[in-house]
$ cat entry.cif   # mmCIF, C-alpha atoms
data_start
loop_
_atom_site.label_atom_id
_atom_site.label_comp_id
_atom_site.auth_asym_id
_atom_site.auth_seq_id
_atom_site.Cartn_x
_atom_site.Cartn_y
_atom_site.Cartn_z
CA MET A 1 27.44 37.81 -14.70
CA ARG A 2 30.44 39.81 -13.54
CA LEU A 3 32.02 38.48 -10.35
CA LYS A 4 33.39 40.59 -7.51
CA ILE A 5 36.78 38.94 -8.00
CA GLU A 6 36.87 40.38 -11.52
CA ASP A 7 36.38 43.90 -10.16
CA TRP A 8 39.09 43.27 -7.57
CA LEU A 9 41.50 41.99 -10.22
CA TYR A 10 40.84 45.04 -12.39
CA GLU A 11 41.85 47.32 -9.49
CA GLN A 12 45.16 45.55 -8.90
CA LYS A 13 48.42 46.69 -10.44
CA LEU A 14 49.92 43.32 -11.37
CA PRO A 15 52.02 41.92 -14.22
CA LEU A 16 50.04 40.60 -17.17
CA GLU A 17 51.34 37.05 -16.72
CA THR A 18 49.73 36.91 -13.28
CA THR A 19 46.39 38.47 -14.18
CA GLN A 20 45.97 36.04 -17.06
CA LEU A 21 46.14 33.14 -14.60
CA LEU A 22 43.33 34.50 -12.45
CA GLN A 23 41.30 35.30 -15.55
CA GLU A 24 41.70 31.65 -16.56
CA ALA A 25 40.53 30.63 -13.09
CA ILE A 26 37.43 32.79 -13.45
CA ILE A 27 36.60 31.17 -16.81
CA CYS A 28 36.89 27.74 -15.21
CA TYR A 29 34.71 28.80 -12.29
CA LYS A 30 31.96 30.04 -14.61
CA GLY A 31 32.15 26.70 -16.39
CA SER A 32 31.78 24.83 -13.05
CA ALA A 33 35.31 23.39 -13.35
CA TYR A 34 36.06 24.21 -9.73
CA LYS A 35 39.22 22.12 -9.29
CA ALA A 36 40.78 23.74 -12.32
CA SER A 37 39.63 27.13 -11.05
CA LEU A 38 41.30 26.61 -7.68
CA LEU A 39 44.49 25.37 -9.34
CA PHE A 40 44.75 28.45 -11.54
CA SER A 41 43.84 30.73 -8.62
CA TYR A 42 46.58 29.22 -6.48
CA LEU A 43 49.03 29.47 -9.37
CA PHE A 44 48.10 33.15 -9.65
CA PHE A 45 48.88 33.64 -5.95
CA GLN A 46 52.23 31.87 -6.19
CA THR A 47 53.21 33.78 -9.31
CA VAL A 48 52.45 37.12 -7.63
CA LEU A 49 54.68 36.14 -4.69
CA LYS A 50 57.38 35.00 -7.11
CA TYR A 51 57.27 38.37 -8.85
CA ARG A 52 57.59 40.19 -5.53
CA ILE A 53 60.57 38.08 -4.52
CA VAL A 54 62.51 38.41 -7.76
CA THR A 55 61.91 42.19 -7.93
CA ALA A 56 62.87 42.79 -4.29
CA LYS A 57 66.24 44.26 -3.49
CA ILE A 58 67.58 41.67 -1.08
CA PRO A 59 70.63 42.90 0.87
CA GLU A 60 73.79 40.99 0.08
CA ASP A 61 74.48 40.33 3.77
CA ILE A 62 71.24 38.34 4.01
CA LEU A 63 72.21 36.16 1.07
CA THR A 64 75.69 35.48 2.42
CA SER A 65 74.54 34.87 6.00
CA ASP A 66 72.09 32.08 5.18
CA ASP A 67 73.20 29.52 2.62
CA LYS A 68 69.89 27.64 2.71
CA LEU A 69 67.89 30.78 1.91
CA ARG A 70 70.27 31.68 -0.90
CA LYS A 71 69.86 28.23 -2.49
CA THR A 72 66.08 28.46 -2.12
CA LEU A 73 66.11 31.83 -3.87
CA ASP A 74 68.27 30.38 -6.64
CA ASN A 75 65.57 27.76 -7.26
CA ILE A 76 62.97 30.43 -8.00
CA ASP A 77 64.44 30.77 -11.49
CA ASP A 78 64.09 27.01 -12.07
CA GLU A 79 60.77 26.24 -13.76
CA ASP A 80 60.68 22.82 -12.11
CA LYS A 81 61.40 24.07 -8.59
CA TRP A 82 60.04 27.61 -8.37
CA ASP A 83 56.64 26.71 -6.86
CA LYS A 84 58.16 24.95 -3.82
CA ALA A 85 60.84 27.64 -3.52
CA VAL A 86 58.23 30.40 -3.37
CA PHE A 87 56.25 28.47 -0.77
CA ASP A 88 59.36 27.86 1.35
CA VAL A 89 60.34 31.52 1.21
CA SER A 90 56.87 32.80 2.05
CA ASN A 91 56.33 30.20 4.80
CA ARG A 92 59.79 30.65 6.34
CA GLN A 93 59.74 31.10 10.14
CA GLN A 94 63.39 31.69 11.05
CA GLU A 95 65.24 34.90 10.37
CA PRO A 96 65.98 36.31 7.92
CA ARG A 97 62.42 36.31 6.60
CA LEU A 98 61.54 38.04 3.35
CA PHE A 99 57.83 38.09 4.17
CA LYS A 100 57.06 38.97 7.74
CA ILE A 101 53.74 37.18 8.23
CA ASN A 102 52.25 35.85 11.44
CA GLU A 103 51.51 32.29 12.53
CA ASP A 104 47.85 32.46 11.55
CA LEU A 105 48.71 33.44 7.98
CA ARG A 106 51.31 30.67 7.75
CA ASN A 107 48.62 28.18 8.80
CA GLN A 108 46.38 29.49 6.05
CA LEU A 109 49.20 29.10 3.55
CA ASN A 110 49.53 25.44 4.48
CA TYR A 111 45.78 24.92 4.34
CA TRP A 112 45.43 26.31 0.83
CA ARG A 113 48.49 24.47 -0.41
CA ASN A 114 46.84 21.25 0.74
CA ARG A 115 43.62 22.20 -1.08
CA ARG A 116 45.69 22.86 -4.17
CA ASN A 117 47.15 19.36 -3.81
CA ASP A 118 43.63 17.93 -3.51
CA CYS A 119 42.92 19.32 -6.97
CA ALA A 120 46.24 18.43 -8.55
CA HIS A 121 46.29 14.83 -7.28
CA ALA A 122 42.57 14.03 -7.50
CA LYS A 123 42.17 13.43 -3.77
CA SER A 124 38.82 12.71 -2.23
CA ASN A 125 38.17 16.12 -0.62
CA ILE A 126 35.26 17.87 -2.30
CA ILE A 127 36.13 21.07 -4.14
CA GLU A 128 33.07 23.19 -4.87
CA ALA A 129 32.32 26.77 -5.88
CA SER A 130 32.40 27.79 -2.22
CA THR A 131 35.96 26.46 -1.93
CA VAL A 132 37.14 28.62 -4.80
CA GLU A 133 35.25 31.62 -3.45
CA SER A 134 36.84 31.15 -0.03
CA PHE A 135 40.30 31.18 -1.62
CA TRP A 136 39.43 34.34 -3.49
CA TYR A 137 38.46 35.94 -0.19
CA PHE A 138 41.80 34.80 1.17
CA LEU A 139 43.53 36.52 -1.76
CA GLN A 140 41.66 39.78 -1.30
CA SER A 141 42.25 39.85 2.44
CA ASN A 142 45.86 38.72 2.57
CA LEU A 143 47.72 39.42 -0.65
CA PRO A 144 48.60 42.95 0.56
CA LYS A 145 50.16 41.42 3.70
CA PHE A 146 52.91 39.71 1.72
CA TYR A 147 55.24 42.68 1.61
CA PHE A 148 59.01 42.48 1.48
CA ASN A 149 60.51 42.76 4.96
CA GLY A 150 62.38 46.08 5.07
CA GLY A 151 60.62 47.24 1.95
CA ARG A 152 59.88 50.81 3.07
CA SER A 153 63.53 51.83 3.06
CA ASP A 154 64.09 49.89 -0.16
CA MET A 155 61.17 51.72 -1.76
CA LEU A 156 62.55 55.11 -0.73
CA GLU A 157 65.88 54.17 -2.30
CA LYS A 158 64.12 53.28 -5.56
CA ILE A 159 62.37 56.63 -5.50
CA LYS A 160 65.69 58.41 -4.94
CA VAL A 161 67.02 56.70 -8.07
CA HIS A 162 63.89 57.74 -9.98
CA PHE A 163 64.50 61.39 -9.10
CA THR A 164 68.24 61.28 -9.75
CA ILE A 165 68.61 62.76 -13.23
CA SER A 166 71.98 61.07 -13.81
CA LYS A 167 70.27 57.68 -13.42
CA THR A 168 66.72 58.21 -14.63
CA PRO A 169 65.40 60.44 -17.46
CA GLU A 170 63.10 63.17 -16.19
CA GLN A 171 60.24 62.04 -18.43
CA GLU A 172 60.27 58.39 -17.26
CA SER A 173 56.96 57.27 -15.78
CA PRO A 174 56.94 56.46 -12.04
CA GLU A 175 54.10 53.94 -12.44
CA SER A 176 56.26 50.83 -12.11
CA ILE A 177 57.60 52.05 -8.76
CA ILE A 178 54.23 53.23 -7.51
CA GLU A 179 52.66 49.83 -8.19
CA GLU A 180 55.14 48.28 -5.74
CA ILE A 181 54.43 50.64 -2.83
CA PRO A 182 51.40 48.93 -1.22
CA VAL A 183 53.07 45.51 -1.28
CA SER A 184 56.46 46.73 -0.08
CA MET A 185 55.37 47.57 3.46
CA PRO A 186 52.57 46.90 5.97
CA GLU A 187 49.64 49.27 6.15
CA SER A 188 50.86 50.52 9.52
CA GLU A 189 53.92 52.05 7.78
CA TYR A 190 52.05 53.96 5.06
CA LYS A 191 51.90 57.26 6.93
CA LYS A 192 55.54 57.08 7.96
CA PHE A 193 56.49 56.34 4.35
CA LEU A 194 54.53 59.37 3.11
CA GLN A 195 56.21 61.62 5.66
CA GLU A 196 59.65 60.31 4.71
CA LEU A 197 58.83 60.71 1.02
CA LYS A 198 57.76 64.32 1.55
CA GLU A 199 60.90 65.12 3.55
CA MET A 200 63.13 63.42 0.99
CA LEU A 201 61.68 65.33 -1.96
CA GLU A 202 61.85 68.60 -0.04
CA ARG A 203 65.56 68.05 0.49
CA GLY A 204 66.15 68.47 -3.22
CA TYR A 205 66.01 65.13 -5.01
CA GLY A 206 65.15 65.69 -8.62
CA LEU A 207 64.99 68.90 -10.61
CA GLY A 208 63.71 72.20 -9.29
CA ASN A 209 62.01 72.72 -5.96
CA ALA A 210 59.78 70.49 -3.85
CA PHE A 211 56.76 71.40 -6.00
CA ASP A 212 58.16 70.95 -9.51
CA ASP A 213 56.09 69.11 -12.10
CA GLN A 214 58.07 65.87 -11.91
CA LYS A 215 57.44 65.56 -8.17
CA MET A 216 53.82 66.60 -8.46
CA ARG A 217 53.34 63.96 -11.13
CA PHE A 218 54.67 61.38 -8.67
CA TRP A 219 52.33 62.53 -5.89
CA ARG A 220 49.38 62.58 -8.30
CA CYS A 221 50.11 59.01 -9.39
CA LEU A 222 49.81 57.87 -5.77
CA PHE A 223 46.05 58.38 -6.11
CA ASN A 224 46.02 55.56 -8.67
CA ILE A 225 46.78 53.03 -5.93
CA GLN A 226 43.60 51.36 -4.77
CA GLY A 227 42.37 50.61 -1.28
CA ASP A 228 43.82 51.63 2.06
CA PHE A 229 46.91 53.32 0.67
CA VAL A 230 45.06 56.07 -1.19
CA GLU A 231 42.98 56.68 1.95
CA GLN A 232 46.21 57.24 3.84
CA VAL A 233 47.40 59.65 1.14
CA ILE A 234 44.17 61.63 1.43
CA HIS A 235 44.36 61.90 5.22
CA PHE A 236 48.05 62.77 5.04
CA LEU A 237 47.40 65.67 2.66
CA MET A 238 44.53 66.95 4.78
CA GLU A 239 46.86 67.58 7.72
CA ASP A 240 47.62 71.27 8.30
CA GLU A 241 51.37 70.93 7.85
CA ASN A 242 50.82 69.48 4.35
CA THR A 243 48.55 72.24 3.05
CA ASN A 244 51.13 73.65 0.64
CA LEU A 245 51.82 70.21 -0.81
CA PHE A 246 48.10 69.60 -1.25
CA ARG A 247 47.65 72.89 -3.10
CA ALA A 248 50.68 72.18 -5.28
CA ILE A 249 49.19 68.82 -6.33
CA LEU A 250 45.92 70.54 -7.25
CA ASN A 251 47.81 73.19 -9.19
CA TYR A 252 49.38 70.36 -11.18
CA ASP A 253 46.12 68.47 -11.64
CA PRO A 254 42.91 70.12 -10.35
CA SER A 255 40.89 66.93 -10.95
CA SER A 256 42.69 65.40 -7.96
CA ILE A 257 40.15 67.17 -5.75
CA GLN A 258 37.68 64.38 -6.58
CA PHE A 259 39.49 62.07 -4.16
CA PHE A 260 38.50 64.30 -1.25
CA ARG A 261 34.79 63.85 -1.84
CA GLY A 262 33.05 63.18 1.46
CA ASN A 263 35.30 65.55 3.43
CA ALA A 264 32.91 68.52 3.38
CA GLN A 265 34.61 70.58 6.10
CA PHE A 266 38.02 70.15 4.53
CA ILE A 267 36.73 71.10 1.08
CA ARG A 268 35.07 74.23 2.48
CA SER A 269 38.25 75.25 4.28
CA PHE A 270 40.12 74.77 1.00
CA TRP A 271 38.03 77.16 -1.11
CA TYR A 272 37.39 79.56 1.77
CA THR A 273 41.10 80.21 2.24
CA VAL A 274 42.05 80.72 -1.41
CA GLY A 275 45.20 82.77 -1.84
CA LEU A 276 48.11 83.67 -4.06
CA HIS A 277 49.13 80.04 -4.60
CA SER A 278 45.59 78.77 -5.23
CA ASN A 279 44.70 77.39 -8.62
CA VAL A 280 41.45 78.76 -10.03
CA ARG A 281 41.03 75.49 -11.92
CA ALA A 282 40.83 73.64 -8.59
CA ILE A 283 37.90 75.82 -7.50
CA ILE A 284 36.23 75.24 -10.87
CA ALA A 285 36.81 71.49 -10.43
CA LEU A 286 35.01 71.66 -7.07
CA ILE A 287 32.02 73.34 -8.71
CA ARG A 288 32.03 71.00 -11.71
CA GLN A 289 32.08 67.91 -9.52
CA HIS A 290 29.35 69.24 -7.20
CA LEU A 291 31.71 69.27 -4.24
CA ILE A 292 30.59 72.74 -3.19
CA PRO A 293 26.93 72.76 -2.03
CA ALA A 294 24.69 74.77 -4.35
CA ASP A 295 23.90 77.34 -1.65
CA GLN A 296 27.64 78.00 -1.11
CA ILE A 297 28.78 78.41 -4.72
CA ASN A 298 28.03 82.13 -4.84
CA GLU A 299 30.02 82.57 -1.63
CA SER A 300 32.95 80.62 -3.08
CA ILE A 301 33.02 82.84 -6.20
CA LYS A 302 33.05 85.95 -3.98
CA HIS A 303 35.97 84.55 -2.01
CA LEU A 304 37.78 83.69 -5.22
CA ILE A 305 37.38 87.23 -6.57
CA ALA A 306 38.24 88.96 -3.29
CA SER A 307 41.27 86.79 -2.62
CA GLN A 308 44.86 87.04 -3.80
CA ALA A 309 44.26 84.17 -6.24
CA ILE A 310 45.42 85.14 -9.72
CA ILE A 311 42.65 84.79 -12.30
CA GLU A 312 43.69 84.58 -15.94
CA PRO A 313 40.42 84.22 -17.92
CA ASP A 314 42.23 83.80 -21.25
CA GLU A 315 44.15 80.80 -19.91
CA LEU A 316 40.99 78.92 -18.95
CA SER A 317 39.22 76.71 -21.45
CA SER A 318 35.74 77.75 -22.55
CA GLU A 319 34.40 74.72 -20.66
CA GLU A 320 36.19 75.74 -17.45
CA PHE A 321 35.19 79.37 -17.69
CA ARG A 322 31.57 78.44 -18.32
CA TYR A 323 31.28 77.27 -14.72
CA LEU A 324 32.34 80.72 -13.50
CA LEU A 325 30.03 82.54 -15.90
CA GLU A 326 27.06 80.38 -14.89
CA ASN A 327 27.63 81.31 -11.25
CA ASP A 328 27.54 85.11 -11.47
CA PHE A 329 31.27 85.64 -11.87
CA VAL A 330 30.80 88.74 -14.03
CA SER A 331 28.33 90.54 -11.76
CA ILE A 332 30.33 89.66 -8.64
CA LEU A 333 33.55 90.89 -10.26
CA LYS A 334 31.86 94.16 -11.27
CA ASP A 335 30.38 94.70 -7.82
CA TYR A 336 33.69 94.03 -6.07
CA ALA A 337 36.03 95.86 -8.45
CA PHE A 338 34.03 98.89 -9.54
CA ILE A 339 30.97 99.44 -7.36
CA GLY A 340 32.86 98.37 -4.26
CA GLY A 341 35.88 100.42 -5.32
CA ASN A 342 38.44 97.63 -4.90
CA ILE A 343 40.02 98.48 -8.24
CA SER A 344 42.02 100.98 -6.19
CA SER A 345 43.40 98.21 -3.97
CA PHE A 346 47.06 98.18 -4.96
CA ASP A 347 48.01 94.48 -4.89
CA TRP A 348 44.56 93.21 -5.83
CA ALA A 349 44.30 95.29 -9.01
CA ASN A 350 47.97 95.52 -9.81
CA HIS A 351 48.81 91.83 -9.71
CA HIS A 352 46.12 89.37 -8.66
CA LYS A 353 43.19 90.51 -10.81
CA LYS A 354 44.77 92.79 -13.40
CA ASN A 355 44.11 90.45 -16.32
CA ALA A 356 40.60 89.67 -15.10
CA ILE A 357 39.82 93.40 -15.12
CA ILE A 358 41.23 93.85 -18.64
CA TRP A 359 39.18 90.84 -19.73
CA TYR A 360 36.07 92.49 -18.29
CA PHE A 361 36.71 95.72 -20.25
CA LYS A 362 37.17 93.78 -23.49
CA LYS A 363 34.01 91.73 -22.97
CA TYR A 364 31.62 94.20 -21.31
CA GLY A 365 33.08 97.64 -21.99
CA PHE A 366 32.30 100.69 -19.86
CA ASP A 367 29.30 102.08 -18.01
CA LYS A 368 28.77 104.76 -15.39
CA ASP A 369 29.95 102.60 -12.47
CA VAL A 370 33.11 101.55 -14.30
CA VAL A 371 34.24 104.98 -15.49
CA GLN A 372 33.52 106.49 -12.07
CA ALA A 373 35.67 103.80 -10.42
CA LEU A 374 38.47 104.48 -12.91
CA TYR A 375 38.32 108.18 -12.11
CA ASN A 376 38.33 107.58 -8.36
CA THR A 377 41.35 105.29 -8.69
CA PHE A 378 43.58 106.92 -11.27
CA SER A 379 42.90 110.60 -10.66
CA ASN A 380 44.95 110.12 -7.51
CA GLU A 381 48.34 111.59 -8.27
CA SER A 382 50.17 109.56 -5.68
CA ARG A 383 49.44 105.87 -5.16
CA HIS A 384 47.50 103.87 -7.70
CA PRO A 385 47.91 100.44 -9.36
CA TRP A 386 50.31 101.42 -12.12
CA HIS A 387 50.58 97.93 -13.68
CA LEU A 388 46.83 98.03 -14.27
CA ARG A 389 47.20 101.60 -15.59
CA ASP A 390 49.79 100.45 -18.11
CA ALA A 391 47.63 97.45 -19.08
CA ILE A 392 44.67 99.78 -19.76
CA ARG A 393 46.86 102.09 -21.86
CA LEU A 394 48.09 99.11 -23.88
CA MET A 395 44.52 97.87 -24.35
CA PHE A 396 43.45 101.31 -25.63
CA ARG A 397 46.44 101.42 -27.98
CA ILE A 398 45.63 98.00 -29.45
CA THR A 399 41.85 98.52 -29.47
CA PRO A 400 41.12 102.22 -30.13
CA GLU A 401 37.37 101.64 -30.21
CA LEU A 402 37.49 100.75 -26.49
CA GLN A 403 39.18 104.09 -25.78
CA GLU A 404 36.47 105.84 -27.78
CA GLN A 405 33.79 104.04 -25.81
CA TYR A 406 35.47 104.98 -22.53
CA VAL A 407 35.60 108.67 -23.47
CA THR A 408 31.99 108.62 -24.72
CA VAL A 409 30.65 107.10 -21.50
CA CYS A 410 32.64 109.58 -19.42
CA GLU A 411 31.07 112.47 -21.37
CA GLU A 412 27.59 110.94 -21.13
CA PHE A 413 27.70 110.74 -17.33
CA GLU A 414 29.85 113.83 -16.80
CA VAL A 415 32.81 111.92 -15.37
CA SER A 416 36.25 113.33 -16.09
CA VAL A 417 38.46 111.37 -18.43
CA VAL A 418 41.67 110.34 -16.65
CA PRO A 419 44.55 111.60 -18.86
CA LYS A 420 47.04 109.05 -17.59
CA LEU A 421 44.88 106.25 -19.00
CA ILE A 422 45.01 107.64 -22.53
CA PRO A 423 48.08 106.46 -24.53
#

$ encode --input "entry.cif" --output "structure tokens"
Amino acid sequence: MRLKIEDWLYEQKLPLETTQLLQEAIICYKGSAYKASLLFSYLFFQTVLKYRIVTAKIPEDILTSDDKLRKTLDNIDDEDKWDKAVFDVSNRQQEPRLFKINEDLRNQLNYWRNRRNDCAHAKSNIIEASTVESFWYFLQSNLPKFYFNGGRSDMLEKIKVHFTISKTPEQESPESIIEEIPVSMPESEYKKFLQELKEMLERGYGLGNAFDDQKMRFWRCLFNIQGDFVEQVIHFLMEDENTNLFRAILNYDPSSIQFFRGNAQFIRSFWYTVGLHSNVRAIIALIRQHLIPADQINESIKHLIASQAIIEPDELSSEEFRYLLENDFVSILKDYAFIGGNISSFDWANHHKKNAIIWYFKKYGFDKDVVQALYNTFSNESRHPWHLRDAIRLMFRITPELQEQYVTVCEEFEVSVVPKLIP
């Protein structure tokens, strides 16, 4: 039987040496060796705290101002003294404190250290399955509270280094930094951290602009953090002032939309307001993951076609494009572009949907509605979408049979051939 603590452990981003200890504790628990299980569980807890202490950037003025703390920290590297040193650091009441925990949590620390001693020294207190389970609940509830005091600013400095090309290669993964974020600050500081991170990256750290791939990769990796932090990220990105950042993340990885499941109004506002900077793949991801209600999919396709969103059918995979084809993309495109006459709309046909229109010609050719729309648009001697005109001429030059079909259909329905379309 799989225990809840195993699922919790799987979700944590912890060093292998720590996870192995809790895995050992779980094996002991399943074998009814509860004292051994509690010992290994406590050792796991202490080792996690040790890791957080040794990886923290402790200001030099703190180390020089308190000789006792400095000596305690020195003992953390001593295999015979590290356990007591970690306990003393985490339980420390006077300033400077590395872990800013309250009195109640300090009392719990003392309680569980005593239970650990019951196991280690064969004392008379009974240690049962419920004792181990209670400690596991303690871990799940309180491990995130042991964050390094002052860690938010320290974390931002680490991120600055990550995005400084003279110190960190552009291709280096941010995962090691991201794993530290939830334990470097209290939950109450998550939103402030996200705002400071956004402002810092907008000021130009790293290559390119605020939405370059390296930065979007970092934002996308934030979704890998479990629990309350990712919820804060989601709510942060749903705020109006962060709309452009949200869209940039989806442009980088459309599958990120899955994290917004359950926010129906927000999702509708997202696809309803598609524009020039929208990623068609993000809309497809919404459809694929059933995040747009079935009775609204047709409406979303209409908005996608009518919008300024650039659609490049040849750049979509066959799997991606299938979701558009299965939801009347072709008929809606035909109705809007040709029957509705929007092929004459300058920006829409010239830039946003030029390649989608050429794709349509190559796939479905010409009929009465199409050739009539071409005549109405390009027989105008003054303003017409000339980029689309040139694209049609190039298509006819490369594929003469399409030109022949165009001329034939024009003759069949007595629609004048537009000379400027013929190369």

$ closest_residue --input "entry.cif" --among "A:Cys28, A:Ile177, A:Ile225, A:Ile159" --to "A:Glu196" --atoms "all atoms listed in the file"
A:Ile159

$ residues_near_point --input "entry.cif" --point "(26.4, 71.7, -0.3)" --cutoff "12 Å" --atoms "only C-alpha atoms" --output "PyMOL selection string"
chain A and resi 261-265+267-268+286-287+289-300

$ atom_distance --input "entry.cif" --atom1 "atom CA of A:Glu199" --atom2 "atom CA of A:Gln171"
22.2 Å

$ resolve_selection --input "entry.cif" --expression "the PyMOL selection byres ((chain A and resi 175) around 10)" --output "JSON, numbers by chain"
{"A": [13, 172, 173, 174, 176, 177, 178, 179, 180, 218, 221, 222, 224, 225]}

$ resolve_selection --input "entry.cif" --expression "the PyMOL selection byres ((chain A and resi 372-383) around 10)" --output "MDAnalysis selection string"
chainID A and resid 337:346 366:371 384:386 388:389 409:410 413:421

$ atom_distance --input "entry.cif" --atom1 "atom CA of A:Ile310" --atom2 "atom CA of A:Gly275"
8.2 Å

$ closest_residue --input "entry.cif" --among "A:Pro423, A:Pro15, A:Pro96, A:Pro313" --to "A:Lys353" --atoms "all atoms listed in the file"
A:Pro313

$ atom_distance --input "entry.cif" --atom1 "atom CA of A:Thr399" --atom2 "atom CA of A:Lys363"
12.2 Å

$ closest_residue --input "entry.cif" --among "A:Lys354, A:Lys100, A:Lys30, A:His162" --to "A:Val183" --atoms "only C-alpha atoms"
A:Lys100

$ residues_around --input "entry.cif" --residues "stretch 133-144 of chain A" --least-positions-apart "3" --cutoff "7 Å" --atoms "all atoms listed in the file" --output "number ranges by chain"
A: 5, 129-130, 147, 182-183

$ resolve_selection --input "entry.cif" --expression "the PyMOL selection byres ((chain A and resi 120-125) around 12)" --output "compact mmCIF listing (two decimals) with C-alpha atoms, in the coordinates of the input"
# COMPACT_ATOMS: atom_id res chain seq x y z
CA TYR A 34 36.06 24.21 -9.73
CA LYS A 35 39.22 22.12 -9.29
CA ALA A 36 40.78 23.74 -12.32
CA SER A 37 39.63 27.13 -11.05
CA LEU A 38 41.30 26.61 -7.68
CA LEU A 39 44.49 25.37 -9.34
CA PHE A 40 44.75 28.45 -11.54
CA TYR A 42 46.58 29.22 -6.48
CA LEU A 43 49.03 29.47 -9.37
CA ARG A 113 48.49 24.47 -0.41
CA ASN A 114 46.84 21.25 0.74
CA ARG A 115 43.62 22.20 -1.08
CA ARG A 116 45.69 22.86 -4.17
CA ASN A 117 47.15 19.36 -3.81
CA ASP A 118 43.63 17.93 -3.51
CA CYS A 119 42.92 19.32 -6.97
CA ILE A 126 35.26 17.87 -2.30
CA ILE A 127 36.13 21.07 -4.14
CA GLU A 128 33.07 23.19 -4.87
CA THR A 131 35.96 26.46 -1.93

$ closest_residue --input "entry.cif" --among "A:Leu9, A:Leu276, A:Ala33, A:Leu201" --to "A:Leu245" --atoms "all atoms listed in the file"
A:Leu201

$ residues_near_point --input "entry.cif" --point "(48.1, 61.2, 4.8)" --cutoff "10 Å" --atoms "all atoms listed in the file" --output "PyMOL selection string"
chain A and resi 190-195+229-239+242

$ axis_aligned_box --input "entry.cif" --around "stretch 117-133 of chain A" --padding-each-side "3 Å" --output "lines of an AutoDock Vina configuration file"
center_x = 39.7
center_y = 22.2
center_z = -4.6
size_x = 20.8
size_y = 24.9
size_z = 13.9
